[in-house]
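These notes are about the structure you will find just below.
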Amino acid sequence: MKILLVCLGNICRSPMAEGILRDMIRKQGLPWSTDSAGTGDYHVGEAPDNRAQRATKDHGIDISDLRARQFRASDFEEFDVLLAMDESNLKNMIRLAPNANLASKAQLILDHAPEVGTREVPDPWFGEERGFDEVYDMLDRACSKVITHVRG
Ligand code: 4NP
């Protein structure tokens with residue numbers, strides 16, 4: 001199972017989600033892999049934002065090794081499940097999908113966790129430090145549900 005997490009810049013939300021999911025996968029001993037990407041190219045090659053690194057580090061998760069890359073059409077072939085952080089990301093991913101069947105692999109990550117009460121992970125980039133902790137909590141809930149749903 002290969003899971004891709006997608007946001008806009010690939011320096012805040014999706015690397016946090018990748019770090020959380022990868023930690024859960026490792027702890028549960030699942031033979032799965034993860035990656036993350038951004039629909040935009042502004043931050044390609046950069047490490048996650050310091051605030052995203054801090055918020056995950058507070059929970060013992062190190063994401064300093066991750067580097068931003070841009071989402072590409074071939075990700076629809078390479079990955080089994082593609083999880084977008086918000087509706088705009090999802091729309092931009094689907095626009096690149098080679099066909100409707102492959103497009104159906106893309107979903108909103110929070111649709112796995114309706115108890116969070118919103119379908120979109122808010123972009124914390126322009127906000128305050130605590131926004132990253134709120135994003136962490138949403139993604140932590142969503143990632144454990146993703147694992148349950150994907151295992152079937
Ligand atoms: P992300 O946050 O999509 O969660 O990585 C953003 C990072 C950078 C920008 C926007 C969102 N930006 O406009 O540079």
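FYI, nothing fancy with the structure tokens labels: chains A, B, ... in order, residues from 1 per chain, ligands from 1 as they appear.
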
### Message
List as a count of residues only the protein and nucleic acid residues near segment 70-73 of chain A, meaning an atom at most 12 Å away when only C-alpha atoms are counted, but skip any in the same chain fewer than 2 places from it.
### Response
44

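The protein and nucleic acid residues lying at most 6 Å from Leu66 of chain A are Ala47, Ile63 and Ser64 of chain A, with only C-alpha atoms considered and sequence neighbours fewer than 2 positions away removed.
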
Hey, can you spit out that residue selection with N, CA, C and O atoms as a PDB file, in the first residue's frame?
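selection_32.pdb, written as the output of this step:
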```
ATOM      1  N   ALA A  47      12.873  21.890   3.280  1.00  0.00           N
ATOM      2  CA  ALA A  47      12.457  21.097   4.440  1.00  0.00           C
ATOM      3  C   ALA A  47      11.130  21.674   4.952  1.00  0.00           C
ATOM      4  O   ALA A  47      10.774  22.818   4.634  1.00  0.00           O
ATOM      5  N   ILE A  63      10.286  15.176  11.354  1.00  0.00           N
ATOM      6  CA  ILE A  63      10.022  15.255   9.908  1.00  0.00           C
ATOM      7  C   ILE A  63      11.103  16.065   9.184  1.00  0.00           C
ATOM      8  O   ILE A  63      10.906  16.502   8.057  1.00  0.00           O
ATOM      9  N   SER A  64      12.255  16.246   9.854  1.00  0.00           N
ATOM     10  CA  SER A  64      13.302  17.109   9.287  1.00  0.00           C
ATOM     11  C   SER A  64      13.917  16.536   8.011  1.00  0.00           C
ATOM     12  O   SER A  64      14.557  17.259   7.250  1.00  0.00           O
TER      13      SER A  64
END
```

### Message
According to DSSP computed on the backbone, where in segment 20-73 of chain A is there helix (DSSP H, G or I)? Give the residues as a PyMOL selection string.
### Response
chain A and resi 20-27+50-57

File of the preceding selection, N, CA, C and O atoms, as a PDB file, in the first residue's frame:
```
ATOM      1  N   ILE A  20       3.120  11.827  10.663  1.00  0.00           N
ATOM      2  CA  ILE A  20       2.202  11.157  11.590  1.00  0.00           C
ATOM      3  C   ILE A  20       1.849   9.766  11.069  1.00  0.00           C
ATOM      4  O   ILE A  20       1.915   8.772  11.795  1.00  0.00           O
ATOM      5  N   LEU A  21       1.488   9.680   9.781  1.00  0.00           N
ATOM      6  CA  LEU A  21       1.089   8.405   9.191  1.00  0.00           C
ATOM      7  C   LEU A  21       2.257   7.421   9.169  1.00  0.00           C
ATOM      8  O   LEU A  21       2.109   6.240   9.508  1.00  0.00           O
ATOM      9  N   ARG A  22       3.425   7.907   8.815  1.00  0.00           N
ATOM     10  CA  ARG A  22       4.619   7.045   8.739  1.00  0.00           C
ATOM     11  C   ARG A  22       4.961   6.491  10.123  1.00  0.00           C
ATOM     12  O   ARG A  22       5.342   5.320  10.255  1.00  0.00           O
ATOM     13  N   ASP A  23       4.777   7.302  11.154  1.00  0.00           N
ATOM     14  CA  ASP A  23       5.037   6.859  12.530  1.00  0.00           C
ATOM     15  C   ASP A  23       4.048   5.764  12.942  1.00  0.00           C
ATOM     16  O   ASP A  23       4.431   4.753  13.540  1.00  0.00           O
ATOM     17  N   MET A  24       2.769   5.948  12.597  1.00  0.00           N
ATOM     18  CA  MET A  24       1.747   4.939  12.926  1.00  0.00           C
ATOM     19  C   MET A  24       2.014   3.633  12.171  1.00  0.00           C
ATOM     20  O   MET A  24       1.880   2.546  12.733  1.00  0.00           O
ATOM     21  N   ILE A  25       2.366   3.748  10.892  1.00  0.00           N
ATOM     22  CA  ILE A  25       2.638   2.581  10.046  1.00  0.00           C
ATOM     23  C   ILE A  25       3.817   1.787  10.616  1.00  0.00           C
ATOM     24  O   ILE A  25       3.780   0.557  10.711  1.00  0.00           O
ATOM     25  N   ARG A  26       4.856   2.514  11.027  1.00  0.00           N
ATOM     26  CA  ARG A  26       6.051   1.858  11.589  1.00  0.00           C
ATOM     27  C   ARG A  26       5.702   1.161  12.909  1.00  0.00           C
ATOM     28  O   ARG A  26       6.039  -0.008  13.113  1.00  0.00           O
ATOM     29  N   LYS A  27       4.950   1.858  13.762  1.00  0.00           N
ATOM     30  CA  LYS A  27       4.606   1.276  15.070  1.00  0.00           C
ATOM     31  C   LYS A  27       3.707   0.054  14.926  1.00  0.00           C
ATOM     32  O   LYS A  27       3.734  -0.854  15.746  1.00  0.00           O
ATOM     33  N   ASN A  50       9.554  25.411   9.932  1.00  0.00           N
ATOM     34  CA  ASN A  50      10.011  25.196  11.316  1.00  0.00           C
ATOM     35  C   ASN A  50       8.871  24.971  12.288  1.00  0.00           C
ATOM     36  O   ASN A  50       8.993  24.200  13.239  1.00  0.00           O
ATOM     37  N   ARG A  51       7.737  25.655  12.046  1.00  0.00           N
ATOM     38  CA  ARG A  51       6.594  25.504  12.960  1.00  0.00           C
ATOM     39  C   ARG A  51       5.962  24.129  12.819  1.00  0.00           C
ATOM     40  O   ARG A  51       5.507  23.528  13.804  1.00  0.00           O
ATOM     41  N   ALA A  52       5.956  23.586  11.592  1.00  0.00           N
ATOM     42  CA  ALA A  52       5.441  22.228  11.367  1.00  0.00           C
ATOM     43  C   ALA A  52       6.379  21.203  12.018  1.00  0.00           C
ATOM     44  O   ALA A  52       5.925  20.235  12.636  1.00  0.00           O
ATOM     45  N   GLN A  53       7.682  21.455  11.908  1.00  0.00           N
ATOM     46  CA  GLN A  53       8.658  20.547  12.539  1.00  0.00           C
ATOM     47  C   GLN A  53       8.507  20.568  14.056  1.00  0.00           C
ATOM     48  O   GLN A  53       8.587  19.521  14.710  1.00  0.00           O
ATOM     49  N   ARG A  54       8.279  21.766  14.597  1.00  0.00           N
ATOM     50  CA  ARG A  54       8.122  21.893  16.062  1.00  0.00           C
ATOM     51  C   ARG A  54       6.861  21.174  16.549  1.00  0.00           C
ATOM     52  O   ARG A  54       6.890  20.433  17.527  1.00  0.00           O
ATOM     53  N   ALA A  55       5.748  21.373  15.827  1.00  0.00           N
ATOM     54  CA  ALA A  55       4.469  20.785  16.260  1.00  0.00           C
ATOM     55  C   ALA A  55       4.525  19.253  16.256  1.00  0.00           C
ATOM     56  O   ALA A  55       3.958  18.609  17.146  1.00  0.00           O
ATOM     57  N   THR A  56       5.208  18.676  15.274  1.00  0.00           N
ATOM     58  CA  THR A  56       5.308  17.207  15.246  1.00  0.00           C
ATOM     59  C   THR A  56       6.340  16.717  16.263  1.00  0.00           C
ATOM     60  O   THR A  56       6.127  15.701  16.926  1.00  0.00           O
ATOM     61  N   LYS A  57       7.442  17.465  16.399  1.00  0.00           N
ATOM     62  CA  LYS A  57       8.493  17.092  17.367  1.00  0.00           C
ATOM     63  C   LYS A  57       7.926  17.044  18.787  1.00  0.00           C
ATOM     64  O   LYS A  57       8.353  16.219  19.609  1.00  0.00           O
TER      65      LYS A  57
END
```

### Query
Can you tell me, as a PyMOL selection string, what residues are no more than 12 Å from segment 146-151 of chain A when counting only C-alpha atoms, ignoring any on the same chain fewer than 3 positions away?
chain A and resi 1-5+17-18+20-34+80-83+105+107-114+139-143

Written selection (C-alpha atoms) as a compact mmCIF listing (two decimals), in the first residue's frame:
```txt
# COMPACT_ATOMS: atom_id res chain seq x y z
CA MET A 1 0.00 0.00 0.00
CA LYS A 2 1.40 3.38 -1.03
CA ILE A 3 -0.23 6.52 0.36
CA LEU A 4 0.44 10.08 -0.84
CA LEU A 5 -0.45 13.16 1.26
CA ALA A 17 0.44 14.22 7.82
CA GLU A 18 3.20 12.12 6.26
CA ILE A 20 2.20 11.16 11.59
CA LEU A 21 1.09 8.40 9.19
CA ARG A 22 4.62 7.04 8.74
CA ASP A 23 5.04 6.86 12.53
CA MET A 24 1.75 4.94 12.93
CA ILE A 25 2.64 2.58 10.05
CA ARG A 26 6.05 1.86 11.59
CA LYS A 27 4.61 1.28 15.07
CA GLN A 28 1.97 -1.09 13.65
CA GLY A 29 4.55 -2.93 11.53
CA LEU A 30 2.62 -2.45 8.29
CA PRO A 31 4.46 -2.98 4.97
CA TRP A 32 3.21 0.35 3.61
CA SER A 33 5.01 3.41 2.31
CA THR A 34 4.22 7.12 2.31
CA ASP A 80 -2.91 3.53 -4.19
CA VAL A 81 -4.50 6.30 -2.12
CA LEU A 82 -4.03 10.06 -2.61
CA LEU A 83 -5.18 12.23 0.30
CA LYS A 105 -8.11 7.36 -5.91
CA GLN A 107 -9.99 11.89 -1.54
CA LEU A 108 -10.11 14.52 1.19
CA ILE A 109 -8.16 13.18 4.19
CA LEU A 110 -10.74 14.51 6.67
CA ASP A 111 -13.52 12.53 4.98
CA HIS A 112 -11.99 9.61 6.92
CA ALA A 113 -12.62 11.43 10.22
CA PRO A 114 -16.06 13.14 10.17
CA LEU A 139 -4.25 14.97 11.24
CA ASP A 140 -3.57 12.63 14.14
CA ARG A 141 -7.27 11.65 14.25
CA ALA A 142 -7.51 11.42 10.46
CA CYS A 143 -4.39 9.27 10.03
```

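Reported to one decimal place, the separation of atom CA of Lys145 of chain A from atom CA of Phe126 of chain A is 27.8 Å.
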
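For the atom pair formed by atom CA of Glu115 of chain A and atom CA of Val135 of chain A, the distance is 14.3 Å, given to one decimal.
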
### Query
Which of these residues is nearest to ligand 1, using only C-alpha atoms and all ligand atoms: A:Pro124, A:Gly117, A:Gly131, A:Gly19?
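Counting only C-alpha atoms and all ligand atoms, the residue closest to ligand 1 is A:Pro124.
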
### Task
Find the distance between atom CA of Ser144 of chain A and atom 1 (P, counted along the ligand's line) of ligand 1 and write it in Å to one decimal.
20.8 Å

### Task
Would you please work out which residue, of A:Asp86, A:Glu120, A:Asp137, A:Glu128, is nearest to Asp58 of chain A when using only C-alpha atoms?
A:Asp137

### Message
Using only C-alpha atoms and all ligand atoms, can you tell me which of A:Val116, A:Ile61, A:Cys12, A:Ala100 comes closest to ligand 1?
### Response
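Between A:Val116, A:Ile61, A:Cys12, A:Ala100, the residue approaching ligand 1 most closely is A:Cys12.
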